[in-house]
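Source file: structure_20.txt. Holds: compact mmCIF, C-alpha atoms.
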```txt
# COMPACT_ATOMS: atom_id res chain seq x y z
CA MET A 1 -21.69 -5.34 -32.33
CA THR A 2 -21.58 -1.87 -33.87
CA SER A 3 -18.61 0.23 -32.82
CA PRO A 4 -19.55 3.43 -30.98
CA THR A 5 -19.49 6.69 -32.86
CA LEU A 6 -16.72 8.77 -31.35
CA SER A 7 -16.21 12.50 -31.37
CA PRO A 8 -13.29 13.73 -33.50
CA ALA A 9 -11.46 14.87 -30.34
CA CYS A 10 -11.85 11.43 -28.77
CA GLU A 11 -10.56 9.74 -31.91
CA ARG A 12 -7.53 12.03 -32.02
CA LEU A 13 -6.60 11.29 -28.41
CA ARG A 14 -7.15 7.56 -28.90
CA ASP A 15 -4.79 7.66 -31.88
CA ARG A 16 -2.15 9.49 -29.81
CA PHE A 17 -2.38 6.75 -27.21
CA ALA A 18 -2.13 4.06 -29.88
CA ASP A 19 1.00 5.52 -31.49
CA ARG A 20 2.35 6.50 -28.03
CA SER A 21 2.94 10.09 -29.01
CA ALA A 22 0.84 11.32 -26.08
CA ILE A 23 2.37 12.97 -23.03
CA VAL A 24 1.23 11.43 -19.75
CA ALA A 25 1.50 13.17 -16.39
CA VAL A 26 1.51 11.14 -13.17
CA ILE A 27 0.68 12.99 -9.94
CA GLY A 28 2.09 11.37 -6.80
CA LEU A 29 5.47 9.67 -7.15
CA GLY A 30 5.22 7.13 -4.36
CA TYR A 31 4.82 3.36 -4.31
CA VAL A 32 2.13 3.57 -7.00
CA GLY A 33 3.07 6.59 -9.08
CA LEU A 34 6.77 5.92 -9.60
CA PRO A 35 6.30 2.35 -10.92
CA LEU A 36 3.51 3.75 -13.12
CA VAL A 37 5.96 6.26 -14.62
CA ILE A 38 8.48 3.49 -15.27
CA ALA A 39 5.85 1.32 -16.99
CA LEU A 40 4.67 4.23 -19.17
CA HIS A 41 8.24 5.11 -20.07
CA GLY A 42 8.97 1.50 -20.95
CA ALA A 43 6.11 1.61 -23.45
CA GLY A 44 7.59 4.66 -25.14
CA PHE A 45 5.48 7.46 -23.69
CA ARG A 46 6.83 10.84 -22.70
CA THR A 47 6.02 11.32 -19.03
CA ILE A 48 5.92 14.13 -16.50
CA GLY A 49 6.16 13.03 -12.88
CA LEU A 50 4.64 15.54 -10.46
CA ASP A 51 4.91 15.59 -6.67
CA ILE A 52 4.59 18.24 -3.97
CA ASP A 53 7.65 16.73 -2.25
CA GLU A 54 10.57 18.59 -3.81
CA THR A 55 13.04 16.20 -2.15
CA LYS A 56 11.65 13.34 -4.26
CA VAL A 57 11.87 15.45 -7.38
CA ALA A 58 15.49 16.37 -6.65
CA MET A 59 16.45 12.73 -6.09
CA LEU A 60 14.84 11.70 -9.36
CA GLU A 61 16.63 14.51 -11.19
CA ALA A 62 19.88 13.17 -9.71
CA GLY A 63 19.11 9.63 -10.88
CA LYS A 64 18.45 8.35 -7.37
CA SER A 65 15.62 6.25 -5.97
CA TYR A 66 13.92 6.75 -2.59
CA LEU A 67 12.10 3.40 -2.72
CA ASN A 68 13.87 0.10 -2.13
CA THR A 69 11.38 -1.55 -4.51
CA VAL A 70 12.55 0.72 -7.35
CA PRO A 71 16.28 0.35 -8.09
CA ALA A 72 18.33 3.43 -8.89
CA THR A 73 19.23 1.84 -12.23
CA SER A 74 15.60 2.21 -13.28
CA ILE A 75 15.68 5.91 -12.45
CA VAL A 76 18.93 6.41 -14.34
CA GLU A 77 17.46 4.56 -17.32
CA ILE A 78 14.30 6.65 -17.60
CA SER A 79 16.16 9.89 -16.89
CA GLY A 80 18.72 9.28 -19.62
CA THR A 81 16.28 9.19 -22.52
CA GLY A 82 14.92 12.71 -22.21
CA ARG A 83 11.34 11.36 -22.14
CA PHE A 84 10.86 11.68 -18.36
CA THR A 85 10.65 14.95 -16.46
CA PRO A 86 10.17 15.00 -12.68
CA SER A 87 8.77 18.27 -11.39
CA ALA A 88 7.01 20.05 -8.54
CA ASP A 89 5.62 22.63 -10.98
CA PHE A 90 1.97 21.73 -11.57
CA ALA A 91 1.75 24.23 -14.42
CA ARG A 92 3.30 21.39 -16.45
CA LEU A 93 -0.12 19.69 -16.37
CA ALA A 94 -1.18 21.81 -19.31
CA GLU A 95 1.31 19.92 -21.50
CA ALA A 96 -0.21 16.51 -20.76
CA ASP A 97 -2.69 14.59 -22.88
CA ALA A 98 -3.52 12.31 -19.93
CA VAL A 99 -3.22 12.92 -16.20
CA LEU A 100 -3.09 9.95 -13.80
CA ILE A 101 -3.71 10.75 -10.11
CA ALA A 102 -2.07 8.45 -7.56
CA VAL A 103 -2.23 10.28 -4.23
CA PRO A 104 -2.92 8.93 -0.72
CA THR A 105 -6.42 8.37 0.63
CA PRO A 106 -5.95 7.92 4.40
CA LEU A 107 -8.42 7.86 7.27
CA ASP A 108 -8.80 10.76 9.68
CA ARG A 109 -8.53 10.34 13.46
CA HIS A 110 -12.20 9.32 13.57
CA ARG A 111 -11.48 6.52 11.05
CA GLU A 112 -13.48 8.26 8.35
CA PRO A 113 -12.28 8.89 4.75
CA ASP A 114 -9.87 11.78 4.34
CA LEU A 115 -10.06 12.92 0.71
CA GLY A 116 -7.88 15.97 1.30
CA TYR A 117 -5.14 14.80 -1.06
CA VAL A 118 -7.64 13.88 -3.80
CA VAL A 119 -9.52 17.17 -3.50
CA GLY A 120 -6.31 19.22 -3.40
CA THR A 121 -4.94 17.42 -6.44
CA ALA A 122 -8.20 17.77 -8.36
CA GLU A 123 -8.09 21.51 -7.69
CA ARG A 124 -4.53 21.67 -9.03
CA VAL A 125 -5.60 19.78 -12.15
CA ALA A 126 -8.67 21.99 -12.59
CA ALA A 127 -6.50 25.10 -12.56
CA ARG A 128 -4.64 23.85 -15.67
CA LEU A 129 -7.34 21.70 -17.27
CA ARG A 130 -7.72 22.10 -21.01
CA ALA A 131 -10.01 20.59 -23.59
CA GLY A 132 -8.93 17.23 -24.97
CA GLN A 133 -7.38 15.75 -21.81
CA LEU A 134 -8.08 12.43 -20.12
CA ILE A 135 -8.03 12.52 -16.31
CA VAL A 136 -7.82 9.21 -14.41
CA LEU A 137 -8.05 8.77 -10.65
CA GLU A 138 -6.13 5.74 -9.34
CA SER A 139 -6.33 6.39 -5.60
CA THR A 140 -8.40 3.88 -3.65
CA THR A 141 -11.71 5.35 -2.52
CA TYR A 142 -15.43 4.73 -2.06
CA PRO A 143 -17.83 4.35 -5.02
CA GLY A 144 -18.95 7.75 -6.25
CA THR A 145 -15.76 9.70 -5.53
CA THR A 146 -14.78 10.15 -9.17
CA ARG A 147 -18.23 11.34 -10.25
CA ASP A 148 -19.40 13.17 -7.11
CA VAL A 149 -16.15 14.67 -5.77
CA VAL A 150 -13.58 14.95 -8.57
CA LYS A 151 -15.90 15.72 -11.47
CA PRO A 152 -17.52 18.87 -9.98
CA ILE A 153 -14.08 20.28 -9.13
CA LEU A 154 -12.85 19.74 -12.68
CA GLU A 155 -16.02 21.16 -14.21
CA ALA A 156 -16.03 24.30 -12.04
CA GLY A 157 -13.99 26.19 -14.66
CA GLY A 158 -16.61 25.69 -17.37
CA LEU A 159 -15.33 22.59 -19.18
CA SER A 160 -17.65 19.58 -19.24
CA SER A 161 -16.77 15.91 -18.64
CA GLY A 162 -17.58 13.83 -21.69
CA ARG A 163 -17.66 16.84 -23.98
CA ASP A 164 -14.49 18.85 -23.38
CA PHE A 165 -12.43 16.40 -21.37
CA TRP A 166 -12.79 12.80 -20.19
CA LEU A 167 -12.77 11.41 -16.65
CA ALA A 168 -12.20 7.80 -15.57
CA TYR A 169 -11.21 5.63 -12.63
CA SER A 170 -8.65 2.81 -12.69
CA PRO A 171 -7.67 1.39 -9.29
CA GLU A 172 -4.02 0.89 -8.50
CA ARG A 173 -3.06 -2.71 -7.78
CA GLU A 174 0.57 -2.37 -6.78
CA ASP A 175 2.11 -4.95 -4.45
CA PRO A 176 5.46 -3.49 -3.34
CA GLY A 177 8.16 -6.11 -3.21
CA ASN A 178 6.32 -8.59 -5.46
CA VAL A 179 8.85 -9.33 -8.21
CA ASP A 180 6.45 -11.64 -10.06
CA PHE A 181 3.82 -8.99 -10.71
CA THR A 182 5.16 -5.62 -11.78
CA THR A 183 2.88 -2.79 -12.94
CA SER A 184 2.76 -3.95 -16.56
CA ARG A 185 1.87 -7.53 -15.60
CA ILE A 186 -1.06 -6.69 -13.32
CA PRO A 187 -4.44 -6.53 -15.14
CA LYS A 188 -5.91 -3.02 -15.09
CA VAL A 189 -9.57 -2.36 -14.35
CA VAL A 190 -11.00 0.74 -16.06
CA GLY A 191 -14.36 2.46 -15.80
CA GLY A 192 -15.21 5.93 -17.05
CA ASP A 193 -17.69 8.76 -16.78
CA GLY A 194 -19.32 7.87 -20.06
CA GLN A 195 -18.52 5.61 -22.99
CA GLU A 196 -15.77 7.74 -24.51
CA ALA A 197 -13.95 8.12 -21.20
CA THR A 198 -14.00 4.36 -20.67
CA LEU A 199 -12.75 3.73 -24.20
CA LEU A 200 -9.91 6.25 -23.83
CA ALA A 201 -8.81 4.91 -20.45
CA GLU A 202 -8.74 1.39 -21.85
CA ALA A 203 -6.83 2.61 -24.92
CA LEU A 204 -4.17 4.24 -22.75
CA TYR A 205 -3.62 1.42 -20.27
CA ALA A 206 -3.65 -1.21 -23.02
CA GLN A 207 -0.41 0.30 -24.28
CA PHE A 208 1.59 -0.59 -21.18
CA VAL A 209 -0.24 -3.35 -19.27
CA GLU A 210 -0.73 -6.89 -20.51
CA HIS A 211 -4.47 -7.02 -19.93
CA THR A 212 -7.27 -4.53 -19.27
CA VAL A 213 -10.65 -5.25 -17.70
CA VAL A 214 -13.37 -2.82 -18.77
CA VAL A 215 -16.33 -2.30 -16.41
CA SER A 216 -19.52 -0.33 -16.89
CA SER A 217 -18.77 2.73 -14.78
CA ALA A 218 -16.28 4.52 -12.57
CA GLU A 219 -18.36 3.48 -9.54
CA THR A 220 -18.00 -0.18 -10.47
CA ALA A 221 -14.23 0.20 -10.84
CA GLU A 222 -14.06 1.92 -7.44
CA ALA A 223 -16.05 -0.96 -5.92
CA VAL A 224 -13.69 -3.51 -7.48
CA LYS A 225 -10.72 -2.14 -5.59
CA LEU A 226 -12.56 -2.04 -2.27
CA THR A 227 -13.83 -5.58 -2.79
CA GLU A 228 -10.30 -6.90 -3.38
CA ASN A 229 -8.95 -5.36 -0.19
CA ILE A 230 -11.99 -6.15 1.95
CA PHE A 231 -11.65 -9.78 0.85
CA ARG A 232 -8.09 -9.80 2.16
CA ALA A 233 -8.94 -7.96 5.37
CA VAL A 234 -11.77 -10.34 6.25
CA ASN A 235 -9.73 -13.46 5.55
CA ILE A 236 -6.74 -12.17 7.51
CA ALA A 237 -9.10 -11.48 10.41
CA LEU A 238 -10.32 -15.07 10.16
CA VAL A 239 -6.85 -16.58 10.41
CA ASN A 240 -5.94 -14.14 13.18
CA GLU A 241 -8.90 -15.43 15.14
CA LEU A 242 -8.02 -19.02 14.31
CA LYS A 243 -4.50 -18.36 15.56
CA LEU A 244 -5.90 -17.43 18.96
CA VAL A 245 -8.26 -20.41 19.09
CA TYR A 246 -5.73 -22.98 17.91
CA GLY A 247 -3.02 -21.46 20.09
CA ALA A 248 -5.20 -22.02 23.15
CA MET A 249 -5.50 -25.66 22.05
CA GLY A 250 -1.76 -26.06 21.58
CA ILE A 251 -2.09 -26.26 17.78
CA ASP A 252 0.28 -24.38 15.46
CA VAL A 253 -1.88 -22.35 13.06
CA TRP A 254 0.97 -22.07 10.53
CA GLU A 255 1.20 -25.85 10.34
CA VAL A 256 -2.57 -26.00 9.86
CA ILE A 257 -2.45 -23.49 7.00
CA GLN A 258 0.48 -25.25 5.35
CA ALA A 259 -1.46 -28.51 5.29
CA ALA A 260 -4.78 -26.90 4.31
CA LYS A 261 -3.31 -25.22 1.25
CA SER A 262 -2.47 -28.64 -0.19
CA LYS A 263 -6.14 -28.83 -1.18
CA PRO A 264 -6.23 -27.92 -4.89
CA PHE A 265 -9.68 -26.30 -4.74
CA GLY A 266 -11.94 -24.44 -2.34
CA TYR A 267 -9.16 -23.00 -0.17
CA MET A 268 -6.85 -20.00 -0.42
CA PRO A 269 -4.13 -19.48 2.21
CA PHE A 270 -4.00 -16.33 4.31
CA TYR A 271 -1.59 -15.82 7.18
CA PRO A 272 -1.90 -14.30 10.65
CA GLY A 273 0.31 -11.53 11.93
CA PRO A 274 0.76 -8.83 14.56
CA GLY A 275 -1.84 -6.58 12.92
CA LEU A 276 -2.54 -5.09 9.51
CA GLY A 277 -0.18 -2.71 7.75
CA GLY A 278 0.29 -0.92 4.47
CA HIS A 279 -1.80 1.80 2.90
CA CYS A 280 -4.62 -0.44 1.66
CA ILE A 281 -5.92 -3.25 3.83
CA PRO A 282 -6.10 -1.44 7.21
CA ILE A 283 -7.82 1.55 5.58
CA ASP A 284 -9.84 0.73 2.49
CA PRO A 285 -12.62 -1.33 4.13
CA PHE A 286 -13.61 1.70 6.19
CA TYR A 287 -14.17 3.73 3.03
CA LEU A 288 -17.02 1.36 2.22
CA THR A 289 -18.40 1.14 5.76
CA TRP A 290 -18.54 4.96 5.83
CA LYS A 291 -20.29 5.16 2.46
CA ALA A 292 -22.70 2.37 3.39
CA ARG A 293 -24.10 4.49 6.22
CA GLU A 294 -25.46 6.87 3.58
CA PHE A 295 -27.72 4.02 2.47
CA ASP A 296 -28.59 2.97 6.04
CA ILE A 297 -26.78 -0.36 5.65
CA ALA A 298 -24.75 -1.85 8.49
CA THR A 299 -21.51 -3.49 7.35
CA ARG A 300 -21.23 -5.76 10.38
CA PHE A 301 -18.99 -8.37 8.78
CA ILE A 302 -16.44 -5.83 7.58
CA GLU A 303 -16.42 -3.95 10.87
CA LEU A 304 -16.00 -7.16 12.89
CA ALA A 305 -12.98 -8.07 10.76
CA GLY A 306 -11.57 -4.61 11.45
CA GLU A 307 -12.05 -5.07 15.20
CA ILE A 308 -10.24 -8.42 15.16
CA ASN A 309 -7.32 -7.11 13.12
CA ARG A 310 -6.95 -3.94 15.19
CA ALA A 311 -6.89 -6.04 18.37
CA MET A 312 -3.94 -8.17 17.26
CA PRO A 313 -1.16 -5.85 18.56
CA ARG A 314 -2.63 -6.10 22.07
CA HIS A 315 -2.76 -9.89 21.82
CA VAL A 316 0.91 -9.92 20.78
CA VAL A 317 1.93 -7.63 23.64
CA ASP A 318 0.09 -9.87 26.08
CA ALA A 319 1.96 -12.85 24.63
CA VAL A 320 5.28 -11.04 25.07
CA ALA A 321 4.40 -10.24 28.69
CA ALA A 322 3.38 -13.83 29.39
CA ALA A 323 6.54 -15.25 27.81
CA LEU A 324 8.77 -12.87 29.75
CA ASP A 325 6.94 -13.59 32.98
CA ALA A 326 7.34 -17.33 32.44
CA ARG A 327 11.11 -16.96 31.95
CA THR A 328 12.07 -14.05 34.20
CA GLY A 329 9.12 -13.63 36.54
CA ARG A 330 8.98 -9.87 36.03
CA GLY A 331 6.95 -9.26 32.86
CA LEU A 332 7.34 -6.14 30.73
CA ARG A 333 8.34 -3.39 33.13
CA GLY A 334 12.00 -2.60 32.59
CA ALA A 335 12.39 -5.31 29.95
CA LYS A 336 14.70 -4.51 27.04
CA ILE A 337 12.95 -5.53 23.82
CA ILE A 338 14.23 -5.32 20.26
CA ILE A 339 11.51 -5.07 17.61
CA LEU A 340 12.78 -6.86 14.54
CA GLY A 341 11.32 -5.20 11.45
CA VAL A 342 9.27 -1.99 11.45
CA ALA A 343 8.17 -2.17 7.80
CA TYR A 344 4.59 -3.34 7.37
CA LYS A 345 5.67 -6.51 5.55
CA LYS A 346 8.76 -8.44 4.54
CA ASN A 347 11.43 -7.17 2.17
CA VAL A 348 10.06 -3.64 1.71
CA ASP A 349 10.96 -0.32 3.33
CA ASP A 350 7.33 0.82 3.51
CA THR A 351 6.26 1.64 7.09
CA ARG A 352 2.78 3.00 6.34
CA GLU A 353 0.30 1.82 8.99
CA SER A 354 2.90 -0.68 10.22
CA PRO A 355 1.70 -2.72 13.21
CA ALA A 356 5.26 -2.51 14.57
CA PHE A 357 4.59 1.05 15.72
CA ALA A 358 1.44 0.04 17.56
CA LEU A 359 3.43 -2.74 19.25
CA TRP A 360 6.15 -0.24 20.13
CA GLU A 361 3.68 2.18 21.76
CA LEU A 362 1.86 -0.55 23.68
CA LEU A 363 5.07 -2.11 24.98
CA ARG A 364 6.46 1.26 25.99
CA ALA A 365 3.22 2.12 27.80
CA ARG A 366 3.70 -1.01 29.91
CA GLY A 367 7.21 -0.03 30.93
CA ALA A 368 9.39 -1.82 28.38
CA GLU A 369 12.52 -0.25 26.88
CA ILE A 370 12.29 -0.49 23.09
CA SER A 371 14.85 -0.44 20.30
CA TYR A 372 14.51 -1.79 16.79
CA HIS A 373 16.43 -3.35 13.95
CA ASP A 374 15.33 -3.17 10.33
CA PRO A 375 17.84 -3.60 7.48
CA LEU A 376 15.54 -1.67 5.14
CA VAL A 377 14.44 1.15 7.46
CA PRO A 378 17.56 2.78 8.93
CA VAL A 379 15.58 5.63 10.50
CA VAL A 380 11.93 5.74 11.57
CA PRO A 381 10.14 8.18 9.25
CA LYS A 382 7.59 10.69 10.41
CA THR A 383 4.08 9.27 10.73
CA ARG A 384 0.78 10.90 11.63
CA GLU A 385 -0.02 8.61 14.57
CA HIS A 386 3.45 7.90 15.97
CA GLY A 387 5.28 11.18 15.45
CA ASP A 388 7.40 10.86 18.59
CA LEU A 389 9.16 7.81 17.11
CA ALA A 390 10.41 9.73 14.06
CA GLY A 391 14.17 9.94 13.76
CA ILE A 392 15.00 6.92 15.92
CA GLU A 393 17.74 4.90 14.25
CA SER A 394 17.94 1.16 13.70
CA THR A 395 20.17 -0.74 16.11
CA ALA A 396 22.83 -3.06 14.69
CA LEU A 397 21.93 -6.70 15.26
CA THR A 398 25.17 -7.85 16.90
CA GLU A 399 25.86 -10.60 19.42
CA ALA A 400 26.40 -8.02 22.14
CA VAL A 401 23.10 -6.26 21.39
CA LEU A 402 21.17 -9.52 21.28
CA ALA A 403 22.76 -10.83 24.46
CA SER A 404 21.91 -7.65 26.35
CA CYS A 405 18.19 -7.67 25.50
CA ASP A 406 15.45 -9.57 27.29
CA ALA A 407 13.51 -10.45 24.14
CA VAL A 408 13.38 -10.00 20.37
CA LEU A 409 9.94 -9.42 18.88
CA ILE A 410 9.71 -10.27 15.16
CA ALA A 411 7.18 -7.94 13.55
CA ALA A 412 8.40 -8.13 9.92
CA ASP A 413 10.15 -11.18 8.50
CA HIS A 414 12.75 -9.65 6.19
CA ASP A 415 15.02 -12.14 4.48
CA ALA A 416 18.13 -10.01 5.15
CA VAL A 417 18.31 -11.01 8.82
CA ASP A 418 20.58 -13.58 10.48
CA TYR A 419 17.85 -15.60 12.19
CA ALA A 420 20.31 -18.26 13.34
CA LEU A 421 22.20 -15.57 15.26
CA VAL A 422 18.95 -14.33 16.78
CA ARG A 423 18.07 -17.86 17.92
CA ASP A 424 21.54 -18.63 19.26
CA VAL A 425 22.07 -15.41 21.23
CA ALA A 426 18.76 -13.79 22.16
CA PRO A 427 17.36 -15.16 25.44
CA LEU A 428 13.79 -15.05 24.10
CA VAL A 429 12.29 -14.64 20.61
CA ILE A 430 8.61 -13.79 20.09
CA ASP A 431 7.76 -14.61 16.49
CA THR A 432 4.58 -13.14 14.97
CA ARG A 433 5.43 -14.17 11.39
CA ASN A 434 6.64 -17.76 11.70
CA ALA A 435 9.98 -16.44 10.45
CA MET A 436 12.16 -18.62 12.65
CA ALA A 437 10.56 -21.86 11.50
CA ALA A 438 10.54 -20.67 7.89
CA HIS A 439 14.31 -20.13 8.09
CA GLY A 440 14.95 -23.42 9.89
CA CYS A 441 15.76 -21.65 13.15
CA ALA A 442 13.29 -23.07 15.65
CA GLY A 443 14.48 -23.40 19.20
CA PRO A 444 13.36 -23.70 22.84
CA ASN A 445 13.66 -19.94 23.26
CA VAL A 446 11.30 -19.22 20.32
CA VAL A 447 7.64 -18.52 21.10
CA LYS A 448 5.06 -17.99 18.36
CA ALA A 449 2.53 -15.22 18.90
```
Final structure tokens representation of the file:
Amino acid sequence: MTSPTLSPACERLRDRFADRSAIVAVIGLGYVGLPLVIALHGAGFRTIGLDIDETKVAMLEAGKSYLNTVPATSIVEISGTGRFTPSADFARLAEADAVLIAVPTPLDRHREPDLGYVVGTAERVAARLRAGQLIVLESTTYPGTTRDVVKPILEAGGLSSGRDFWLAYSPEREDPGNVDFTTSRIPKVVGGDGQEATLLAEALYAQFVEHTVVVSSAETAEAVKLTENIFRAVNIALVNELKLVYGAMGIDVWEVIQAAKSKPFGYMPFYPGPGLGGHCIPIDPFYLTWKAREFDIATRFIELAGEINRAMPRHVVDAVAAALDARTGRGLRGAKIIILGVAYKKNVDDTRESPAFALWELLRARGAEISYHDPLVPVVPKTREHGDLAGIESTALTEAVLASCDAVLIAADHDAVDYALVRDVAPLVIDTRNAMAAHGCAGPNVVKA
């Protein structure tokens, strides 16, 4: 196959990526952006980390980490070489050869895509855009965002994508807390606005990830990310529904899954829970359902999965009420309940879209008195949907605290919890994660939900 003829500017930038002399700016220093900076730095690039949160910038300048998945030693290491500069000054974008955008893409209160962060960031980039730069969007979004939303903003100043600068999409695939697959070990999908953009994006990512997967367009790359997360959302909805069915039959769904996954083909285990959490799976499917309406296509399967998953907190609360009623005869009103774990999953401090907050609100609405314990979340952060919970501090998990409660509700199964103490002292344990059995702490006071 004949190699494509590249413009001199494209060749120069490709060479700067290859010899790692390029400067790379990362916008958004959260669970995606900060590990991205560390991976780029590890490959020898000079990096500029940009964020509107000046507190994050100050912590990085002081060699401190604000994420439990990123140790402070990593921050000290990258800060000590002189090749990493954290900043809230977006004028620094003019220095960069490549700009990687990793900002949130939430839903609004109508459960429709909120591209405010993407649009705002694109406008900041456009204000400093210069010829010869590669711009890559990593934020999860619907197909067409890169070309139809970001591109016009960048081109508004007179520069043209594919001629003066290059634009591509490469979906983030971070899994916070997964020690087996760090940023550099996760294959990177890339798709650009034109052949040169795709080639340049692949050339950059190939320097610091083990494997790149090139697709035909930015739209295809955007669809890849949605497909991955919709796959998970639908399968989690399936096991959540099976949990309800098998529970009614007196069958333990976790035992079923454990046995089913012994099949070496044709089955992949997914696990039920109290609801979906994190920034991806509860949100991303609705980016596609929204976009599909433009083409007059009903995404019934995806929307049904969303309905099942969003209903799980209510099922759990009903299970808590039933278990309390069976043991005390008075249900939820006035019951003292400790929620164990407010992070959205085990062993991380990430509370985005955590189902624990929905459980908290539902239990409180039915008259329960709620406290929480989470070894990784000492204080509830501010959230858009549960702002009144912000600032509440984690309760110590002592014998006295456990003995004084009516029930413990396990919403996140962190390893750094004394489950034997919970079993031995708490009068009732409602387990939504199979944590007690997994830690060998089953007991007559433990109820799975």
Legend entry - Residues within 12 Å of (-10.2, 8.2, 13.0), counting only C-alpha atoms, listed as a list in words: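 Within 12 Å of (-10.2, 8.2, 13.0), the protein and nucleic acid residues are Pro106, Leu107, Asp108, Arg109, His110, Arg111, Glu112, Pro113, Asp114, Pro282, Ile283, Phe286, Tyr287, Trp290, Arg384 and Glu385 of chain A.
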Legend entry - Length of the atom CA of Met268 of chain A to atom CA of Ala292 of chain A vector [Å]: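 Going from atom CA of Met268 of chain A over to atom CA of Ala292 of chain A, I get 27.7 Å.
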Legend entry - Shortest interatomic distance to Ala102 of chain A - which of A:Tyr205, A:Trp166, A:Tyr31, A:Phe45, counting all atoms listed in the file: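 Closest to Ala102 of chain A of all the choices is A:Tyr31.
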Legend entry - Proximity to Leu167 of chain A - best of A:Val179, A:Leu50, A:Val99, A:Phe208, only C-alpha atoms: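 Nearest candidate to Leu167 of chain A out of A:Val179, A:Leu50, A:Val99, A:Phe208: A:Val99.
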Selection near Glu361 of chain A, 10 Å with all atoms listed in the file, sequence-local residues under 6 positions removed, as a PDB file with C-alpha atoms, in the frame of the given file:
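Output (selection.pdb):
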```pdb
ATOM      1  CA  PRO A 313      -1.160  -5.850  18.560  1.00  0.00           C
ATOM      2  CA  ALA A 368       9.390  -1.820  28.380  1.00  0.00           C
ATOM      3  CA  ILE A 370      12.290  -0.490  23.090  1.00  0.00           C
ATOM      4  CA  HIS A 386       3.450   7.900  15.970  1.00  0.00           C
ATOM      5  CA  ASP A 388       7.400  10.860  18.590  1.00  0.00           C
ATOM      6  CA  LEU A 389       9.160   7.810  17.110  1.00  0.00           C
TER       7      LEU A 389
END
```
Legend entry - Option closest in space to Gly273 of chain A, from A:Ala356, A:Leu402, A:Ala221, A:Ala206 [counting all atoms listed in the file]: A:Ala356
Legend entry - Between atom CA of Gly440 of chain A and atom CA of Val422 of chain A - distance in Å to one decimal: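 Going from atom CA of Val422 of chain A over to atom CA of Gly440 of chain A covers 12.1 Å.
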Using the structure just given, write a file holding N, CA and C atoms for segment 59-70 of chain A, as a PDB file, in the first residue's frame.
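Dumped to part21.pdb:
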```pdb
ATOM      1  N   MET A  59      -2.179  22.155  44.472  1.00  0.00           N
ATOM      2  CA  MET A  59      -1.762  20.882  45.060  1.00  0.00           C
ATOM      3  C   MET A  59      -0.692  20.219  44.212  1.00  0.00           C
ATOM      4  N   LEU A  60      -0.857  20.258  42.896  1.00  0.00           N
ATOM      5  CA  LEU A  60       0.143  19.663  42.015  1.00  0.00           C
ATOM      6  C   LEU A  60       1.469  20.414  42.125  1.00  0.00           C
ATOM      7  N   GLU A  61       1.402  21.726  42.219  1.00  0.00           N
ATOM      8  CA  GLU A  61       2.634  22.509  42.372  1.00  0.00           C
ATOM      9  C   GLU A  61       3.348  22.174  43.679  1.00  0.00           C
ATOM     10  N   ALA A  62       2.564  21.761  44.687  1.00  0.00           N
ATOM     11  CA  ALA A  62       3.135  21.395  45.986  1.00  0.00           C
ATOM     12  C   ALA A  62       3.517  19.922  46.054  1.00  0.00           C
ATOM     13  N   GLY A  63       3.368  19.205  44.943  1.00  0.00           N
ATOM     14  CA  GLY A  63       3.721  17.789  44.925  1.00  0.00           C
ATOM     15  C   GLY A  63       2.712  16.902  45.604  1.00  0.00           C
ATOM     16  N   LYS A  64       1.454  17.345  45.659  1.00  0.00           N
ATOM     17  CA  LYS A  64       0.411  16.576  46.329  1.00  0.00           C
ATOM     18  C   LYS A  64      -0.613  16.059  45.319  1.00  0.00           C
ATOM     19  N   SER A  65      -1.242  14.946  45.665  1.00  0.00           N
ATOM     20  CA  SER A  65      -2.282  14.373  44.822  1.00  0.00           C
ATOM     21  C   SER A  65      -3.639  14.542  45.486  1.00  0.00           C
ATOM     22  N   TYR A  66      -4.667  14.776  44.677  1.00  0.00           N
ATOM     23  CA  TYR A  66      -6.043  14.880  45.173  1.00  0.00           C
ATOM     24  C   TYR A  66      -6.883  13.677  44.757  1.00  0.00           C
ATOM     25  N   LEU A  67      -6.222  12.663  44.177  1.00  0.00           N
ATOM     26  CA  LEU A  67      -6.903  11.438  43.776  1.00  0.00           C
ATOM     27  C   LEU A  67      -6.241  10.252  44.478  1.00  0.00           C
ATOM     28  N   ASN A  68      -7.052   9.389  45.097  1.00  0.00           N
ATOM     29  CA  ASN A  68      -6.438   8.257  45.784  1.00  0.00           C
ATOM     30  C   ASN A  68      -5.864   7.238  44.807  1.00  0.00           C
ATOM     31  N   THR A  69      -6.290   7.311  43.537  1.00  0.00           N
ATOM     32  CA  THR A  69      -5.761   6.399  42.523  1.00  0.00           C
ATOM     33  C   THR A  69      -4.433   6.883  41.943  1.00  0.00           C
ATOM     34  N   VAL A  70      -4.029   8.101  42.297  1.00  0.00           N
ATOM     35  CA  VAL A  70      -2.743   8.643  41.843  1.00  0.00           C
ATOM     36  C   VAL A  70      -1.913   8.985  43.082  1.00  0.00           C
TER      37      VAL A  70
END
```
